[in-house]
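Read through the structure below, which is laid out as structure tokens, and then see the notes.
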Amino acid sequence: MSLLQGIGFLIGGFVVAAVIGMFAHWFDRKITARVQWRVGPPFFQPLYDFVKLLAKEVVVPEGGSRFLFLAAPLFGLASVTVVSALMLRTVIFPGETFVGDLIVVIYLLTIPSQAVILGAFASANPLASLGGSREMKLILSYELPFLLVILVPVIKAGATIKMGSIIEYQATSGAAIGSLSGVIAFVIGLLCMQAKLAKVPFDAPEAETEIMAGAYIEYSGAALGLFKLTQWMMMFAVPFFLMMLFIGAVNWQQSWLNVVFAVLIYIGILLFITLVRNTNPRLRIDQIMKFFWAKMTPLAILAVILAFLGL
Amino acid sequence: MKKVFIDLEHLDKLERDGDLDIQCSYPFHRYHPYDRWGMRPGNDGIAALRELATYAVVCRKCESANCVNSCPQDALEKDDDGILRRYSLRCIGCRSCTVACPFGTIYPEAIPFLASGCDYCLKRLKPGEEPLCVKTGPDGAIKYTEMEPDEAKSIHKVGDHLVVKCEAWKR
Amino acid sequence: MADEVLEGIKAKFGGAIVEVFEKSPRRTYITVDPASLPEVAEYVYKDLGARFSIATGMHMVEGFEVLYHFALDNADRFLNLRVILDLDKPSVESIATRVPATEWIEREMHELLGIEFRNHPDMRHLLLDDDWPEGNYPLRRDWKDWRGGENGNEK
Amino acid sequence: MDLIGYTILIPLVAGAIVRIVPDAFKGLKEGIALVVSAVTFYMTIMLFRQGFLESEWLGRTIFRLDTLSSFVLLWIGFFGLVMILYSFGYMRGKEYLKQYYAYMLFTLGAAYGAVLANDMIVLLAFWGFLGFTLYMLIAVGGPKASGAAKKTMVIVGGTDALLVLAVAIVWAMTGSTSLTQPSIPTITGLGVFAFILFACGAFAKAGAMPFHSWIPDTAEFAPTSVVAYLPASVDKLLGIYLLARVSLYLFNLTQGMMLLLLIVGAFTIIAAVMMALVQHDLKRLLSYHAVSQVGYMVLGIGTLNPIGVAGGLFHMVNHAIYKGCLFLCGGSVEQQEGTTDLDKLGGLAKYMPITFFSCVIAALAISGIPPLNGFVSKWMVYQGIIELGRNGGHVWVIWLVAAMFGSALTLASFMKVLHAVFLGVRAKKANGAREVGPTMAIPMLVLAILCLAFGIFAYAIPLSGFILPAVDSVASLSVPGIDEWLGWWSPGLATIMIIVGVVIGLIIYSAGRLKAVRPDSMYVGGELLTNEERVTGTDFYDTVSDMGFFSSMYKWAEKCAFDTYYIGRKISYYFVKGLKAVHTGILPEYLTWMLAGMFILVVILLR
Amino acid sequence: MSLKIKALTKSIWVFHMAASPCNNCDIEILDLLTPRFDIERFGIQLVGSIRHADAVLVTGSINRKVRKRLKRVLAQAAQPCFVIALGNCSCSMEMFGTSYNDNKPLDEITDVHAYIAGCPPKPEAMIQGVVALIQAQLAALKK
Amino acid sequence: MATKSKTQIIPIGPYHPLQEEPEFFKLHVEGEKVVKLEIELGYNHRGIEKLAEGLTYDQIPFLVERICGICSSSHPFASVNAMEDIADVDVPLRAKYIRTFIGELERIHSHLLWLGLAGHFLGYNTVWMWAWKQREPVLDLFELITGNRNHYAMFKPGGVRRDVADEDIPTAMRLLESLEKPVMMFTKIALQDPVLQARLKNVGVLTKEDCVELGALGPTSRASGVPWDVRHDHPYAAYGMVDWDVIVTQNGDVFDKAVVRLLETFESVKICVQCLEKLREVKDGIDAELKEIPPGEGVGHHEAPRGEVFHYARSDGTNRPIRYKVRAPSFMNVPTNHRAVVGYTVSDATITLAAIDPCYCCTERMLVVDANSGKQVMGWKDLLRLSQEKTHRLMEKYNSRMDRIWT
Ligand code: SF4
Ligand code: SF4
Ligand code: SF4
Ligand code: SF4
Ligand code: SF4
Ligand code: SF4
Ligand code: SF4
Ligand code: SF4
């Protein structure tokens with residue numbers, strides 16, 4: 001891939017992820033409001049929020065590491081942008097991907113969380129530290145089942161870690177979700193996604209009523225805006241990643257109906273996120289760990305075994 | 001036993017003449033609750049004493065008292081002896097009674113919204129000491145002496161600890 | 001009937017009881033000698049099973065009064081133990097170790113009224129700011145408002 | 001004598017000279033050490049350029065330079081130079097100077113020798129000598145370190161003895177002591193046994209479980225430069241070199257042996273990193289990572305497919321770089337703050353920016369964050385594992401998950417380190433920590449920049465430069481085209497993409513009011529924090545260690561139940577009863593015994 | 001530029017700061033978020049950290065101890081940030097003028113951009129107050 | 001393993017979304033486990049006891065009403081009880097029923113409020129929204145009967161200030177009935193949701209002994225098996241004349257505290273309905289026409305939603321007390337956190353701190369309002385207008401400065 005093409009995809013990925021992410025954020029808030037018998041924010045609310053944050057000054061806490069404090073949001077944004085670009089490219093040219101891009105995506109998907117952690121630590125605030133450490137523990141909790149879950153389509157597609165092949169495999173022999181192991185893995189994947197997006201019940205890192213805004217406590221203005229934007233873009237990237245692995249993403253080459261179908265599925269996933277977050281209280285961080293390690297991991301292992309058995 | 005003695009007319013006269021700054025050492029409510037700038041006086045025991053004295057001695061004890069009738073809060077009542085009594089929880093300090101009394105018995109100053117208290121400085125005086133009102137009050141108008149009531153001299157007993165001199169309104 | 005309680009206290013601490021005032025069957029005020037307050041309080045709290053409700057500190061004419069309000073929940077009755085302390089240097093034995101619930105209120109009385117509670121585990125400020133001027137007890141009746149600019153109040 | 005001989009000899013001789021030079025001439029000692037290490041580094045470069053060289057002596061090919069040994073040699077030379085440079089600043093004012101530089105040089109020479117050795121006997125000799133210098137260098141840490149030194153001696157020396165046995169077996173089986181010639185199949189019991197013995201030796205040197213337990217103790221008590229030099233970099237290079245050498249050249253591994261390697265690798269990764277997670281001492285924590293990372297190399301080599309092996313070797317180099325860097329950072333912190341206790345550190349980022357920068361880079365590299373070097377080598381290891389899956393079998397999932405999850409755990413514990421040392425609230429307000437001097441800063445920076453460079457230009461420099469040739473030279477592995485692995489994605493492009501991403505962020509920033517950045521006191525609900533109210537971060541993962549299963553594991557670990565040293569000591573306690581007579585308890589005496597034994601062996605075998 | 005202006009008025013994150021209140025104002029603020037009033041439809045959100053705030057709702061009379069913290073917290077806000085005195089307590093001093101704990105109204109401590117009176121103000125009044133503030137903002141911006 | 005944990009301090013507050021009011025907790029933690037709690041008060045202290053000495057007995061109910069806005073009738077309730085204790089008057093039966101009705105209605109609103117906030121603290125905002133949605137009708141009922149959503153100004157020494165109109169009773173009844181269903185739903189949610197149980201059960205356990213020792217009150221103690229309830233033990237107003245039960249559970253954890261509150265809500269509805277029934281019949285006036293508070297001392301209390309509110313008044317015969325003591329339940333309940341929080345995690349600590357339903361306002365007792373203002377004379381429209389005008393005025397004044405800020 002040429003450099004220009006890469007940059008083109010990058011900018012495209014950014015725009016797509018940002019727009020869809022904003023929509024997802026609005027959707028989330030709107031549905032939440034509906035569930036709670038409220039009206040909810042207007043459609044352009046995320047945009048307003050973001051622009052407003054840009055218009056505000058950035059306060060840097062004394063005693064923290066100023067450079068890291070300001071740089072952390074950039075890392076998060078950059079990686080989610082790259083992920084979006086990669087995935088878009090994969091969907092558009094499934095044949096042209098490279099071996100191991102799956103691993104790249106997995107790694108890049110954790111970077112936003114790490115950026116949050118570093119930013120939190122850089123702010124030298126004890127509550128932010130607590131939030132950061134919780135975020136780290138959260139990563140530890142969901143990472144194990146998440147990896148296992150990802151292995152299911154990998155196994156199904158014949159031990160390939162090329163996203164393109166996974167998509168192509170699904171295009172020919174049906175979506176990974178179309179089997180027992182696929183279903184189990186997909187559900188676990190959804191829960192891991194919930195954690196990855198730090199939504200209730202897994203929002204311990206930014207539990208507003210416990211540790212204020214947790215990791216974000218010291219952030220303001222554009223820096224906070226970048227973090228928010230990253231969060232919203234993750235609401236595009238993570239579900240899309242799961243869709244790609246389990247549903248074979250868009251498959252737009254086959255029929256345009258598939259695009260509609262994919263959009264519907266995406267909205268369905270968003271709905272799931274929102275409903276789960278509105279019908280559960282926040283779990284304690286140790287409960288989260290136990291939940292993922294003691295409950296989800298064995299299930300995920302089961303899914304992997306089933307996948308091996310071809311189920 | 002020593003008693004507080006008040007010469008009401010003397011006091012009135014002094015008041016008309018000029019500033020009368022009688023201090024009181026009543027320990028409670030020393031400051032006015034809304035006294036932000038130190039302008040408003042707090043508890044003024046002497047007002048309580050004067051009110052008591054006035055009702056006991058000056059008031060004409062009208063049969064159908066205008067003051068009682070005029071009170072919008074039914075705060076004034078007469079006891080068995082015909083002596084007026086103002087109930088602190090009811091009186092809102094509107095001073096209708098002041099206007100209503102044909103004899104001008106009730107001075108506007110005498111009925112503040114916040115009732116004052118006087119304990120005759122009982123229990124608080126060291127031997128030989130005089131109440132603060134006596135010390136700061138005008139000579140002769142307030143005294144702390146062993147004084148017996150003497151109707152002839154228009155010196156009346158009001159309660160156990162107070163004697164009042166009032167000549168204008170002989171009974 | 002209720003007077004079993006009263007008789008019991010009288011029998012046990014006859015000498016320490018200075019005065020008993022029964023306002024109504026539901027409210028009893030007992031003035032006790034400050035020196036034997038801890039024992040009486042402990043008796044009321046432990047043996048009579050009373051619930052400690054609160055203590056009120058007062059700056060009265062005769063001296064500082066501390067009223068410990070105990071509720072006898074089974075008998076619908078409030079027992080109020082009163083101690084009268086010296087005006088100049090009010091000081092009484094803390095009962096916080098015997099009746100743990102009194103810890104905070106004793107702290108509060110200490111900072112607002114300047115009553116010293118001997119052997120109290122923790123006498124820091126409870127309500128007022130840490131830089132509240134020393135020896136400035138707002139609940140005393142001779143406390144002077146500081147809007148005059150006295151007492152180091154920031155203007 | 002050829003270049004090889006000089007390379008080995010110069011440091012040894014220089015070491016002896018330094019040993020004799022009186023302590024008063026400190027500058028001279030340092031000078032000699034620096035010059036010698038620089039010179040030999042240059043010579044290793046020459047050798048590396050040369051690519052292939054054999055040097056015969058007594059009719060045997062004693063030393064042999066091939067694509068595998070040449071790049072390991074190069075790195076040993078490099079680390080020797082870097083660490084000696086660093087030592088100038090670090091060792092200032094410390095005791096035992098006389099020994100220090102001498103043993104550093106001895107180590108250097110012996111390490112060259114061990115890598116270049118083509119004859120197992122020669123290898124043994126240098127190997128044993130390395131154990132001895134290691135012991136002495138640890139002992140530089142003063143009386144506190146003697147326990148650690150003893151433990152090291154026992155473990156490393158013990159496995160050296162196993163090596164001797166292994167060599168004897170191989171010799172008996174093939175009649176040759178050449179490291180490169182025979183391809184012994186591991187089907188016979190004896191072959192398996194020999195391989196395991198060799199592997200034990202390699203594991204102990206590299207610090208793989210279960211022979212790891214000397215590393216944490218050493219790290220805690222030995223001087224940091226020593227730790228950065230030996231357990232963190234050179235020993236790792238040597239151990240993995242040996243492992244690669246025996247498993248790729250000497251033996252012909254079967255599935256079972258591969259499984260052994262994979263198990264050891266996976267177990268090492270997870271177990272060590274779990275231990276690291278809860279440490280409270282910076283150096284100790286780093287040392288557990290030094291153990292854990294070995295797992296990746298073992299895993300990579302265990303896959304026995306080209307990409308896996310290349311990944312393992314690459315990881316070895318990378319690890320030496322970033323772990324060396326991390327230890328150097330730790331040493332700098334120790335020098336400035338006087339402690340490596342995580343509870344007592346904090347908020348140093350402002351005061352030591354260079355150290356902080358290097359440490360962040362190295363920490364992210366070790367955690368495998370793209371686009372740093374750790375990511376590339378780990379990625380290759382993962383691919384190697386998945387490659388295994390291509391050939392059927394199901395267990396590869398375990399290795400993959402262990403490796404990837406271990407990486408997450410690594411990240412977690414480095415987040416803790418970054419927080420506890422550099423971020424968070426400054427621990428002691430009064431103490432004015434400053435950046436370290438240039439002799440210490442430069443090595444750290446160089447290593448950090450290497451982390452970046454090897455990540456971004458992974459293919460251009462290290463892979464095509466020395467990793468792939470080394471792998472390619474092995475008969476059983478042939479490297480396919482690089483494109484097969486990388487597709488259109490290359491780390492360089494990745495970096496550019498990430499940079500563009502950052503630029504997008506920067507544009508957004510500048511659209512905001514970035515100029516209006518204002519420093520202000522931190523917000524904790526309106527209160528001001530006192531110094532004691534800071535969060536050090538050492539307890540971040542107590543939640544993990546408090547969980548039922550893990551808490552008991554940790555309790556066991558605390559009781560040293562997993563420490564081969566203690567287990568061995570208990571066992572040997574009964575065996576050794578008979579040998580009580582020679583058991584004097586004086587360590588140098590043991591050493592003498594061992595050296596003597598080794599010497600006798602060498603003589604007998606070479607005859 | 002108009003998007004910016006619009007954004008500024010359409011996305012107001014408020015931080016609620018209780019400075020010796022009686023709770024009622026505070027509860028009514030929370031009430032604003034709940035279904036009947038739902039101020040989220042105007043883009044108003046309650047945030048947990050002062051750094052995120054565009055407007056600070058100060059309730060309660062401000063006593064000696066809280067005053068210092070209040071000043072500190074207000075200084076920590078990212079500008080532009082509005083200060084709204086909510087409830088009679090913080091609007092005026094009269095109620096607390098006589099307390100020994102040295103209470104002061106908000107405008108003696110910091111600049112106040114809007115006053116919302118009432119004890120407690122009705123939720124509708126609060127909304128109206130904020131709307132008034134926004135309108136004034138807009139007017140100021142248009143000039 | 002050199003991993004002995006060191007204690008670190010996590011500050012909570014004074015400004016913290018957990019608390020609607022400022023309060024400062026220092027959590028001493030090891031990792032996330034709390035080992036010790038330090039509580040720092042004083043952010044709300046406004047010297048209400050001293051201020052009460054300056055006000056007349058008539059004014060004091062308004063003053064103490066503004067101690068707290070949540071149970072803004074509890075303090076006046078206790079306060080008039082104390083005054084009536086001094087004066088030894090008997091309040092008309094109708095006034096008693098009205099008082100009881102207001103007191104219980106307030107309990108309903110307060111418990112719903114707590115439930116919502118507890119949900120909010122747990123990140124369960126749906127519960128918050130739903131509970132508060134159900135709370136609105138209660139506030140409407142208050143507005144109907146007392147003229148205001150909060151700070152009802154219903155109590156006066158000797159009676160109540162406003163009567164309940166007969167035509168309002170059916171509306172009130174309807175509202176109360178409509179309440180039962182949602183509360184039932186909440187109870188079910190609380191009792192059955194496994195996730196909620198995981199968060200609440202066996203968290204922040206307060207033992208019976210601790211409760212007795214620290215004098216914990218209200219639902220806090222009743223959840224620990226201590227059946228203290230002054231409504232039952234020292235009946236006042238109409239509590240002795242209506243039929244209801246004291247709710248007691250045994251575990252003392254946060255879950256039980258929630259259960260107690262929910263079940264109490266039903267009891268309150270029951271009491272309210274009975275009071276309304278009685279109000280249809282009993283028509284003996286609403287005021288005892290108290291004239292004067294004689295010298296003496298008196299104790300009054302009321303079981304507020306959070307526990308017993310205790311007032312003590314000392315009179316010298318003037319129309320102001322010489323000492324006025326207020327003890328709110330939270331003053332006794334907050335120190336229980338010292339014990340209840342220790343041993344749990346930071347996340348648990350926050351919900352435990354909230355579980356006693358603390359409101360520091362009354363713990364610290366402050367003063368409010370111009371006492372002459374018995375009733376809110378203006379409707380909300382006027383207030384609105386006032387505030388608008390004032391805001392406009394100020395905006396003009398500040399316009400120049402705002403320009404500076406915005407550009
Ligand atoms: S001043 Fe008092 S007593 Fe006189 S009329 Fe008015 S209310 Fe009645
Ligand atoms: S307060 Fe004013 S309006 Fe009210 S009764 Fe008194 S004089 Fe009349
Ligand atoms: S003018 Fe004054 S005194 Fe006369 S009737 Fe009117 S209010 Fe009463
Ligand atoms: S009208 Fe005047 S004289 Fe008559 S009773 Fe009243 S106060 Fe006395
Ligand atoms: S006697 Fe004492 S209390 Fe009475 S007025 Fe005089 S000074 Fe005041
Ligand atoms: S204005 Fe009224 S409701 Fe608001 S805090 Fe003050 S007293 Fe409470
Ligand atoms: S406990 Fe106190 S602060 Fe809380 S609601 Fe009741 S009266 Fe108000
Ligand atoms: S009359 Fe005035 S002081 Fe009273 S409530 Fe109304 S606005 Fe407040």
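Identifiers in this document derive from the order of the structure tokens: chains are assigned A, B, ..., residues are numbered from 1 separately in each chain, and ligands are numbered from 1 in order of occurrence.
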
Pull out every residue of chain A sitting within 10 Å of chain E, counting only C-alpha atoms, and send them as a ChimeraX atom specification.
-> /A:29-30,33-34,36-61,207-214,216-221,224-225

Residues near Phe64 in chain C, cut-off 7 Å, only C-alpha atoms, skip fewer than 3 positions along chain, as a list in words =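 Close residues of Phe64 in chain C: Met58, His59, Met60, Ile84, Leu85, Asp86, Leu87 and Pro90 of chain C.
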
Report as a ChimeraX atom specification which protein, DNA and RNA residues come within 6 Å of ligand 1, using only C-alpha atoms and all ligand atoms.
-> /B:70-73,75-76,86,91-97

DSSP on the backbone: what in range 20-133 of chain E comes out helix (DSSP H, G or I), as a PyMOL selection string?
-> chain E and resi 24-33+39-42+50-52+64-76+87-91+106-108+123-133

Name all residues at most 9 Å from Gly57 in chain C (count only C-alpha atoms; drop same-chain ones fewer than 4 positions away) and give them as a ChimeraX atom specification.
-> /C:64-68,109,113,115,139 /F:323,325

At what distance in Å, to one decimal, does CA of Gly302 in chain D lie from CA of Leu260 in chain D?
-> 8.1 Å

For chain F, work out the contacting residues on chain E at 6 Å, counting only C-alpha atoms, and write them as number ranges by chain.
-> E: 18, 20, 22-24, 34-35, 48, 65-66, 80, 95, 99, 101, 114-117, 125

If you count only C-alpha atoms and all ligand atoms, which residues end up within 8 Å of ligand 5, as a CSV table (one decimal) with all heavy atoms, in the first residue's frame?
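Dumped to part-v2.csv:
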chain,number,residue,atom,x,y,z
B,4,VAL,N,-35.5,45.9,93.2
B,4,VAL,CA,-35.2,46.9,92.1
B,4,VAL,C,-36.3,47.9,92.2
B,4,VAL,O,-37.5,47.6,92.4
B,4,VAL,CB,-35.2,46.2,90.7
B,4,VAL,CG1,-35.0,47.3,89.7
B,4,VAL,CG2,-34.1,45.2,90.6
B,23,GLN,N,-28.2,50.1,80.5
B,23,GLN,CA,-27.8,48.8,80.0
B,23,GLN,C,-28.3,47.7,81.0
B,23,GLN,O,-28.6,48.0,82.1
B,23,GLN,CB,-26.3,48.7,80.0
B,23,GLN,CG,-25.7,49.5,78.8
B,23,GLN,CD,-24.2,49.7,78.9
B,23,GLN,OE1,-23.6,49.0,79.6
B,23,GLN,NE2,-23.8,50.8,78.3
B,24,CYS,N,-28.3,46.5,80.5
B,24,CYS,CA,-28.9,45.5,81.3
B,24,CYS,C,-28.0,44.3,81.2
B,24,CYS,O,-27.4,44.0,80.2
B,24,CYS,CB,-30.3,45.1,80.7
B,24,CYS,SG,-30.9,43.5,81.3
B,25,SER,N,-27.8,43.6,82.2
B,25,SER,CA,-26.8,42.5,82.2
B,25,SER,C,-27.5,41.1,82.1
B,25,SER,O,-26.9,40.1,82.5
B,25,SER,CB,-26.0,42.5,83.5
B,25,SER,OG,-26.8,42.2,84.6
B,26,TYR,N,-28.7,41.1,81.7
B,26,TYR,CA,-29.4,39.8,81.5
B,26,TYR,C,-28.6,38.9,80.6
B,26,TYR,O,-28.2,39.4,79.5
B,26,TYR,CB,-30.8,40.1,80.9
B,26,TYR,CG,-31.7,38.9,80.9
B,26,TYR,CD1,-32.2,38.3,82.0
B,26,TYR,CD2,-32.0,38.2,79.7
B,26,TYR,CE1,-33.0,37.2,82.0
B,26,TYR,CE2,-32.8,37.1,79.6
B,26,TYR,CZ,-33.3,36.6,80.8
B,26,TYR,OH,-34.0,35.5,80.7
B,27,PRO,N,-28.3,37.7,81.0
B,27,PRO,CA,-27.3,37.0,80.3
B,27,PRO,C,-27.7,36.4,79.0
B,27,PRO,O,-26.9,36.1,78.1
B,27,PRO,CB,-26.9,35.9,81.3
B,27,PRO,CG,-28.1,35.7,82.1
B,27,PRO,CD,-28.7,37.0,82.2
B,44,ASP,N,-33.4,43.8,76.4
B,44,ASP,CA,-33.3,45.0,77.2
B,44,ASP,C,-34.2,44.8,78.4
B,44,ASP,O,-35.4,45.0,78.3
B,44,ASP,CB,-33.8,46.2,76.4
B,44,ASP,CG,-33.7,47.5,77.2
B,44,ASP,OD1,-33.2,47.4,78.3
B,44,ASP,OD2,-34.2,48.5,76.7
B,45,GLY,N,-33.7,44.3,79.5
B,45,GLY,CA,-34.4,43.9,80.6
B,45,GLY,C,-35.3,45.0,81.2
B,45,GLY,O,-36.4,44.9,81.7
B,46,ILE,N,-34.8,46.2,81.0
B,46,ILE,CA,-35.5,47.4,81.5
B,46,ILE,C,-36.8,47.6,80.9
B,46,ILE,O,-37.8,48.0,81.5
B,46,ILE,CB,-34.6,48.6,81.4
B,46,ILE,CG1,-34.9,49.6,82.6
B,46,ILE,CG2,-34.7,49.3,80.1
B,46,ILE,CD1,-34.4,49.2,83.9
B,47,ALA,N,-36.9,47.2,79.6
B,47,ALA,CA,-38.1,47.3,78.9
B,47,ALA,C,-39.2,46.4,79.5
B,47,ALA,O,-40.3,46.7,79.7
B,47,ALA,CB,-37.9,47.0,77.4
B,48,ALA,N,-38.7,45.2,79.8
B,48,ALA,CA,-39.6,44.2,80.4
B,48,ALA,C,-40.1,44.8,81.8
B,48,ALA,O,-41.3,44.7,82.1
B,48,ALA,CB,-38.9,42.9,80.6
B,49,LEU,N,-39.2,45.4,82.5
B,49,LEU,CA,-39.5,45.9,83.8
B,49,LEU,C,-40.6,47.0,83.7
B,49,LEU,O,-41.5,47.1,84.4
B,49,LEU,CB,-38.3,46.4,84.5
B,49,LEU,CG,-37.3,45.4,85.0
B,49,LEU,CD1,-36.2,46.1,85.8
B,49,LEU,CD2,-38.0,44.4,85.9
B,117,GLY,N,-36.3,39.9,78.7
B,117,GLY,CA,-36.4,39.3,80.0
B,117,GLY,C,-35.6,40.0,81.0
B,117,GLY,O,-34.6,40.6,80.7
B,118,CYS,N,-36.0,39.9,82.2
B,118,CYS,CA,-35.3,40.4,83.4
B,118,CYS,C,-35.4,39.4,84.5
B,118,CYS,O,-36.5,39.0,84.8
B,118,CYS,CB,-35.8,41.8,83.8
B,118,CYS,SG,-35.2,42.3,85.4
B,119,ASP,N,-34.2,39.0,85.0
B,119,ASP,CA,-34.3,38.1,86.1
B,119,ASP,C,-33.9,38.8,87.4
B,119,ASP,O,-33.5,38.2,88.4
B,119,ASP,CB,-33.4,36.9,85.9
B,119,ASP,CG,-32.0,37.3,85.7
B,119,ASP,OD1,-31.7,38.5,85.7
B,119,ASP,OD2,-31.1,36.4,85.6
B,120,TYR,N,-34.0,40.2,87.4
B,120,TYR,CA,-33.7,41.0,88.6
B,120,TYR,C,-32.3,40.7,89.0
B,120,TYR,O,-31.9,41.0,90.2
B,120,TYR,CB,-34.7,40.7,89.7
B,120,TYR,CG,-36.1,40.9,89.3
B,120,TYR,CD1,-36.9,39.7,89.1
B,120,TYR,CD2,-36.7,42.1,89.1
B,120,TYR,CE1,-38.2,39.8,88.6
B,120,TYR,CE2,-38.0,42.2,88.7
B,120,TYR,CZ,-38.7,41.1,88.4
B,120,TYR,OH,-40.0,41.2,88.0
B,121,CYS,N,-31.5,40.2,88.2
B,121,CYS,CA,-30.1,39.9,88.5
B,121,CYS,C,-30.0,39.0,89.6
B,121,CYS,O,-28.9,38.9,90.3
B,121,CYS,CB,-29.3,41.2,88.7
B,121,CYS,SG,-29.1,42.1,87.2
B,122,LEU,N,-31.0,38.3,89.9
B,122,LEU,CA,-30.9,37.3,91.0
B,122,LEU,C,-29.9,36.3,90.7
B,122,LEU,O,-29.6,35.9,89.5
B,122,LEU,CB,-32.3,36.6,91.2
B,122,LEU,CG,-33.4,37.4,91.7
B,122,LEU,CD1,-34.7,36.6,91.7
B,122,LEU,CD2,-33.1,37.9,93.1
B,131,PRO,N,-27.3,45.8,90.2
B,131,PRO,CA,-27.5,45.4,88.8
B,131,PRO,C,-27.0,46.5,87.9
B,131,PRO,O,-26.9,47.7,88.2
B,131,PRO,CB,-29.1,45.4,88.8
B,131,PRO,CG,-29.5,45.2,90.2
B,131,PRO,CD,-28.5,45.9,91.0
B,132,LEU,N,-26.7,46.0,86.7
B,132,LEU,CA,-26.1,46.9,85.7
B,132,LEU,C,-27.1,48.1,85.4
B,132,LEU,O,-26.6,49.2,85.2
B,132,LEU,CB,-25.8,46.1,84.4
B,132,LEU,CG,-24.9,46.9,83.4
B,132,LEU,CD1,-23.6,47.2,84.0
B,132,LEU,CD2,-24.7,46.0,82.2
B,133,CYS,N,-28.4,47.8,85.3
B,133,CYS,CA,-29.3,48.9,85.0
B,133,CYS,C,-29.2,50.0,86.1
B,133,CYS,O,-29.4,51.2,85.7
B,133,CYS,CB,-30.7,48.3,84.9
B,133,CYS,SG,-31.3,47.5,86.3
B,134,VAL,N,-29.0,49.6,87.2
B,134,VAL,CA,-28.9,50.6,88.3
B,134,VAL,C,-27.6,51.4,88.1
B,134,VAL,O,-27.6,52.6,88.2
B,134,VAL,CB,-28.9,49.9,89.7
B,134,VAL,CG1,-28.7,51.0,90.8
B,134,VAL,CG2,-30.2,49.2,89.9

Could the residues of chain B that have an atom at most 6 Å from ligand 4 be listed as CSV, each with its closest atom pair and the distance in Å to one decimal, counting only C-alpha atoms and all ligand atoms and ordered by chain and ascending residue number?
residue,atom,partner,partner_atom_place_in_ligand_line,distance
B:Cys59,CA,ligand 4,8 (Fe),3.9
B:Arg60,CA,ligand 4,3 (S),4.0
B:Lys61,CA,ligand 4,5 (S),4.1
B:Cys62,CA,ligand 4,4 (Fe),4.1
B:Ala65,CA,ligand 4,1 (S),4.5
B:Asn66,CA,ligand 4,1 (S),4.4
B:Cys67,CA,ligand 4,6 (Fe),4.3
B:Cys101,CA,ligand 4,1 (S),3.8
B:Pro102,CA,ligand 4,2 (Fe),5.8
B:Phe103,CA,ligand 4,2 (Fe),5.4
B:Thr105,CA,ligand 4,7 (S),5.2
B:Ile106,CA,ligand 4,7 (S),5.9

With only C-alpha atoms as the atoms that count, which of B:Gly42, B:Pro138, B:Gly128, B:Gly104 lies nearest to Gly18 in chain B?
->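 Ranking B:Gly42, B:Pro138, B:Gly128, B:Gly104 by distance to Gly18 in chain B, first place goes to B:Pro138.
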